[in-house]
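Undergrad: The structure follows.
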Amino acid sequence: MTATDWATAVLMPLGALFALTGTIGMVRFPTLLGRMHASTKPDTVALVLILAGAAFQLPDLRSALPLALVAVFQFMTMPVLAQTLGRVAYSRGMVVSEHLVTDELADDLAKREAEEGRAAEDPRRAEAP
Amino acid sequence: MSAYRAPALRLLGRLPTVLWLTVMWAVLWGDFSPGTLVAGAMVGAGCYAAAKLPHLPVRLRFRPLRVAGLVGHIALDLLLSSVHMAYHTLLHPARVRGAIVAVPLRTDSDLLMAMVSAGLSLVTGSQTIELDREGGVIYVHGIPIHDESDVPKLRRSVLRTEEMYVRAFGTRDDIAQFEAAERELAGAGAAAEEER
Amino acid sequence: MNVLDYAMAATAAMLSVSAGLALYRLVRGPSVLDRTVSLSTVSVLLVSFIGLEIAYRGDTAYIGVMVSIALLGFIATLTAARFAERRAHDRD
Amino acid sequence: MNLLLAVPFLVPLLGAALTLPMRRAPRTQQVVSALTLAIVVAAAAALVRRTADGDVITSQAGGWPAPLGITIAVDPLSALLLLVSSVVLLVVLLYAIGQDIAGLSRAMPMVFHPIYLVLTAGVCLSFIAGDLFNLFVGFEIMLTASYALITQAPTRARVRASMIYTMVSLTSSILFLTGIALVYALTGTVNLADIAVKLGDAPPPLRMVLALLFLVVFGIKAAIVPMHFWLPDSYPVAITRISAIFAALLTKVAVYAIIRTQTLLFSRDDVSGVLLWMAIATMIVGILGALVQDDINRIMSFALVSHIGFMLFGLGVGTVAGLAGAIVYLVHHIVVQASLFLVNGLIRQFVGHTSLRAIRGLMAVSPVLALLFFLPAMSLAGLPPMSGFVAKAALFTAGADAGGWLLYTGIAAGVATSLLTLMAIFRIWVRGFWGEPLEDMIEARDQLRSQGMSGGRLLMTSSTAAMVAIGLALAAAAGPLTDFAFTAAEDLLGGGAYIESVLTGGES
Amino acid sequence: MLLPVILALHAATAVLLPPLVRLLGARAFLVASLPPALSAVWALSRSPGIAAGEPAEASVPWVPALDITLDFRVDALSLAMVLLVSGVGAVIFCYSAAYFRSDQAGLARLTSVMVLFAGAMLGVVTADNLFALYVFWELTSVTSFLLVGFDQRKDAAGRAALQALITTAGAGLFMLIGFILLGQAGGTYRISELVADPPVDSPLLPVALVLVLIGAFAKSAQAPFHYWLPGAMVAPTPVSAYLHAAAMVKGGVYLIARLAPGFADADPWRVLVLAFGLATMVIGGWSALRQTDLKLLVAHGTVSQLGFLCLLAGAGTHTAAVAAIGALLAHGFFKSTLFLVVGVVDHQAGTRDIRRLNGLWRSLPVTAAAAGLAAASMAGLPPLLGFIGKEAALEAFLPGHSPELPPLAAGLELAGLVLASVLTFAYSARFWWGAFGDKRAAETDIEPVPGTDAGGEDGAEPRIPRTRATPPSAVFLAAPVLLSLCGLVLGSLPGPADAIAAAYAAPYSDHGKPYHLALWHGLSTPLLLTAVVIAAGAALFRWREAFARLQGRAPRVISAEMGYHLFLHGTYAIALSVTRRLQTGSLPAYLGIILATMLALPGVRLVTALATGEVAVPSGGDGLRLWDTPLEGVVAAVIAVTAIAALREHRRFPALILLSATGFGIAGLFVLHGAPDLALTLILVETLTTIILVFVLRRLPATFSVRAPGWPKRWMVVLSVAAGAFISVSLWLMAAARTAEPISLGYEAAAEQAGGRNLVNTILADFRALDTFGEIVVLLTAAVAVASLVLLNRRHRVVDEPSADEEQIEEEGSRR
Amino acid sequence: MSGAPSLLLVLAVGVLYSCGFYLMLQRSLMRAVFGILLLGHAANVSLMLTDRAITLPPLLGGPEGVLSDPLPQAMALTAIVITFGVTTFLLALAYRVWLGDGNDEVPDDLEDRRIGRLQEPEDSA
Ligand code: NA
Ligand code: NA
């Protein structure tokens, strides 16, 4: 066992552990957003740890470079996914309010709608634009 | 919205994306020979054209120290919040509640706003639901939020993240504008806080 | 077997269980977004598996696969989400 | 690589590449297509000459030795089928060109010409492939091209028909691939000759399973009962030039594959019982279907299914004579089906459709059409002195020679089928060609007369006539044809020549 | 030998005639008569030698590998037939020149086909190879089809033609099989060799003979196939005269006569021929007496006569053979005369209905005389050839005359023959009387002459007017006169006929009592019997009305035509019920049946192999392992669970996601298998497919169609699972039983030579570049196909080529 | 000699085929297409199973050990691409069916249905 082996031996199970808790969360959380929080992000951590562990087993830095690229890629794409999913989940009414302490987006939307409604009722303003 | 109308500059704006795709291509083939790179660049450009990806205006600065700080912060945050999340997952996931808060941002740079939004989404326990660019408001879902008292904490962490991004990547103009807005909002923000 | 082997076995075991759980969500849904989320998890797990494979064999032959799975996972998940958004009005 | 062997596959692809961009030069496109096929015909004729003594010409693609590289092999059977197919392809192409010149088709020339040539390449590759997987690739080229062709001028009916056609073909392809996997699992090779050798040590039951599986795989494409249902639902719906080629060639390529695999790979396994029962079922069920149809093209399609049974019967007999009969029948049937479908095309052009419910008195309005129909119809019914008679006589003689109750049953089924074919075919004649012509048909005739014969129509009619004439020529040349078929059959059942030529080099 | 040339001449003339008809009109028939005339002249010129036992032979090779050779051999029998076929043919062609009008529609076709027929018939009677005989035989069927259906605008013509074709060509197929069996048994297809050395020991011989006789019976309109002949009378009269009197219907008789010397003693030849011949003779005679249409009367008479000829030709004794030649020639002359006479009557008087003809002998005296001669010959009156033939026939069946015939059988046959001859006499008389005789008002439909019906009291009947007829031209009359005279001349001077008969009968033993065709054999039993026949026949004619009443009361003879219609209707009904059950039009059903077939063939074979232990199931050790690594469990679980979930999912989008996951699982499997390139390609392809699917799915409804595919779900489950199990178990067993090292071991060394590190890439780019090339072709073709389907055809999406039926069918479908 | 694949994988490939066949037998166009996709996977996996799992990628000059059999891989590669092309066509076709008929069903043949409704043969003369 060399030092690199030890590094791998630590990093990889740790990563796997994150992945495991993430997927457990994905199964156990009652809400969609909860499941997303619980899984997507620990997954990223898990992946980075495992890739780091794998990198230690490679002979040189050059062959490890692609692993780094994958990690960077994961960092770049994960938020995009998370945001898209969040927006869609919300717009589809899948965010259940009873699991929310507060929902300021709903408040703002209601406010905006009310304003637009007033605009529609007011003939002068409707013709104005 | 963009000042980069000149073709050459527009091309320059697209370069990072194409470059990125080229690198991925080379990795895919496991080969960084010139031929592969040229082919990758061509494929990348093709994909770019086909997908009509938006080109990024490179109106950024890069402050290495600040960036390093930011990365460190995010990494630590990521790790800790993941552990935190794991704890909730294993103990009582059914009781965990969240909140969606509206946070008015101080910067008006689209790019910075997007970066903040992404940065928030990267970290466990928070993620952007909606970004109102015109109003400069970001709606963030946070978890776990036990009660109303956790809400200001979430708001504050969003604002802190924003500041770190602006200071790491913003141009001098961006920072100036950010600070002006911060001053303006300092008072009004407090009032708003009370109103809620 | 040395510690490294045990570590790898443990990693494999945990990843496998994770895969099973993700699969459960993938199959059970209930919503398309749940499936989308678990699809993204499955793809991350696969990439992890391949990371394990690379570590185990000390060989980089699989890196291309890894990159493309990462890409696919991203594209597939994004497409799925976009799709779900576009058809927000009908039940899936 | 032997250049002559490469011509039937590569030249059409070259032609396809040339014709693809020629959307603005239709004449050039037509000339290039026709020239391409003419070259293939010439090459095939040369191959027939060179294999006439039973020689097998082989070549290793890329020069790699036999089991490693892909073998291209032409034995008498391949050469004969190459020649007949390329001739039929050329004549149908001329018909299509005539139709395009006359402005009577909705097919897109810019798609049709290149894809037609790709189809040619696929058909030719299937005939010359000496490698199981390469045969699969050849089949796929042919099938993909056929998918593109069957959807030409996509009406709703055609799209539906294509769906059935494509799904069934895909099923067959998947099972083919599965079969390749099984063969490789058992033998560790995909070279046909090599498989033939290595199957020798395989457990007989497993070999039998493979033999039957490949019978199913190609049986689907050959439309053997009970795997035939798709054919009458798809072929008749395509536009004429396509249904003519499909009816003439595609099922025959599958029959070729059955002959090749059963004689070369599974010569040790006796599936003749299964073959004969399937042959009997195919003959009878097919022709019963033809009797109740209303559309000439559908009648012909059911008859096509039915007559595949004859070829299967010849293979099932298991003797050189039986196989030779099957080969003669194969050649005869390619030509006669192409002729009939082209004539049906002329009818469709003339009357607007091919339903017997609304055709009457065609002979009175168009005696030429009547003659063009009558001759191949006679041949299909197996009436002398047409090629159909010779083919049938060859099969029955072989069956009687080999003897056994199953073969006699097969012969009885063959007789019944011939009688029912006669009824089906002459029903078309009596209902469609005889009788008082309908008003609109007389109008159509008068209109045509006033327009005069355009070059395009002339080409359509004369290429149909040429196809009919080729059928008559087959009858006249039945002697040499049968001799050649016997040579081919001896090669196939002897087995040694092919294997030896492939594994020990042959020419390269 | 000239014969093949003469045959070719027939064909060439047939090709040349259409333009000639345009030029010459009906006179082109005179040109058409040249080839048969030449043939007859040639036959006459060769007759001395042939009668002396030196047959003329020729051979044209066609398909030597199958023994299909156009062998020709003209011996005595053939000579008689050639003279009939070609001689009578030439005469009838000349008659036709007068019969048809030049503006007759389809005249060119008619002349052409008739000459073809003449050639084919010549071929039938001269062929010495079974296949060659069959070729010409069926050619006569086909040409006959075209001739019977000549008046193609009439539906009746088409039906009758088809009936005749199906009957004769259908039976001809049986005959072909009979020929093949005969040829196989005898080791040759040469007829002369077979007859000379018949394969009497072959167990297949009885079957072969029955099959051959079926063909011959159908062709010669023997019961129960006799229905087609009266039906075929829709043909123009010269055609009937030629085909249905002189030539084609003799084909069967000829074949029987041809084979009898070799096979008459073989079971069940004689029984069949004698029984069916006699039955036909009686049935034909009985129904001839009921006819009122002259042509139908002659047709039924022909049926009767054909029965007579068949039993003579097939009886297989010396005397019967001699009688056969006599009767054959006689029939050829008198029957064609009678048809031609009917033509003349029809042409000149405008009708051929007995009930509309009265006293025609006065206006057509010559015709009536010729008809009288012919009818007398048919009735068997001396000194005509018909009498000589009948005498010989009666002699042949005298009990004890020929040892080949058991006395009882001969006696029965003789009694039947006498009975049939009585009927023959009666219908012969009825013909002449019907055409030319003076009738009473009660026997006709003709309006009586006004004012003549008043005298009913004194028993005198009302007078009816005589039928008017224009006098026929000399050319028109020449043919019947000539042919009827032939019967008289040959009857009076039977020498030539006897020479031919003797030569034909030579192979039979005459048992010391050689029989010759002659007018006078002394006061013999046959002469007595002839007298009885004449007396009884005359009485039958005298009391024809009483007999007609009797016939009316008698149960109808079971019509064989009904049998034909039953066959036809039954066939169509079976065809419909089979086809509508099988050809359901449902793709799921088709695919299901394909799977079922796969299970029924290789599947069952595998199961039996496993059940009987023929194939070793890997057990323990290397063969039977749960896994190579536990990771396989993960991969297998991902694959199986997602795939099963995908098929349970009715919403399209979740199903797509599940499928993507399956794709991931398979990529994982490839990784485990050391196949990075494969995993990579799969993932890329999977991505593309997913994207395309999303594009398509976006436009389709949210859930899949839930309409059941038409059969119970559990069947589908069973079928799919069984099919899947079959394949996977096969794979398992075959991999375990691998017989040789994989050839890919050779790639390592070769790859170094090719300079590649990645073996898979080297295979794709080098060793199997042809496959890769093909793969690219497929991909490009598919791209073009997709483009032409989706992009290029956007403008005309719905219907763009004439398909009137489609709309109609669709309408009907929706109305359901 | 290679030996049989492990039971788990045999089972997996069996499930793939079964599911593919089951989907293929459905009336829904898209399910049929999915069935074909699964069957394509199944066939490629079958090719792979002719060789053992847990082998090294067929790269020369890599780590010591047993290399995978490259030939099934090469064939599966070709097959994947071919199946892809053809499946794409099938999808385009399904799309056209939908355009024409407005539903997601494999349509029955109309003429067959018409004949199926006949009680008496139309023509037995
Ligand atoms: Na065999
Ligand atoms: Na492997």
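Chain lettering (A, B, ...) mirrors the order of the structure tokens, residue numbering begins at 1 for each chain separately, and ligand numbering begins at 1 in order of display.
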Once you count only C-alpha atoms and all ligand atoms, which residues end up within 8 Å of ligand 2, and could you hand them over as a ChimeraX atom specification?
TA: /E:670,672-675 /F:48-49,51-57,67-69
Undergrad: Which residues are near ligand 1 in this structure, taking near to mean any atom at most 12 Å from a ligand atom and counting only C-alpha atoms and all ligand atoms? Format them as a VMD selection string.
TA: chain D and resid 196 204 207 to 212 214 to 215 258 to 276 315 to 319 323 492 to 493 495
Undergrad: Within 9 Å of range 1-11 of chain C, counting only C-alpha atoms, which residues show up once you throw out same-chain ones fewer than 3 positions away? Write them as JSON, numbers by chain, please.
TA: {"A": [1, 5, 6, 8, 9, 10, 12, 13, 14, 15, 16, 17, 50], "C": [14, 15, 16, 49, 52, 55, 56]}
Undergrad: If I take CA of Phe436 in chain E and CA of Gly552 in chain E, how far is one from the other in Å, to one decimal?
TA: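 Between these atoms lies a distance of 24.8 Å.
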Undergrad: Would you tabulate, counting only C-alpha atoms, all residues of chain F that have an atom at most 6 Å from an atom of chain D, showing the closest pair of atoms and their distance in Å to one decimal, sorted by chain then ascending number, as a Markdown table?
TA:
| residue | atom | partner | partner_atom | distance |
| --- | --- | --- | --- | --- |
| F:Ala43 | CA | D:Thr178 | CA | 5.2 |
| F:Ser46 | CA | D:Ala181 | CA | 5.9 |
| F:Leu47 | CA | D:Ala181 | CA | 4.7 |
| F:Thr50 | CA | D:Ala185 | CA | 4.7 |
| F:Gly100 | CA | D:Arg156 | CA | 5.7 |
Undergrad: Quick one: distance from CA of Arg699 in chain E to CA of Arg113 in chain F in Å, one decimal?
TA: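 Result for CA of Arg699 in chain E versus CA of Arg113 in chain F: 28.6 Å, one decimal.
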Undergrad: For the helix (DSSP H, G or I) assignment from backbone DSSP, which residues of range 42-114 of chain A qualify? Please present them as a ChimeraX atom specification.
TA: /A:42-55,61-91,97-99,104-114
Undergrad: Identify, on the basis of only C-alpha atoms, every residue whose closest approach to Arg63 in chain B does not exceed 9 Å; exclude the query and any residue fewer than 6 positions from it along the same chain; express the result as a PyMOL selection string.
TA: chain B and resi 167-170
Undergrad: What's the separation between CA of Val80 in chain A and CA of Leu90 in chain B, in Å to one decimal place?
TA: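 Here the two named atoms are 27.0 Å from each other.
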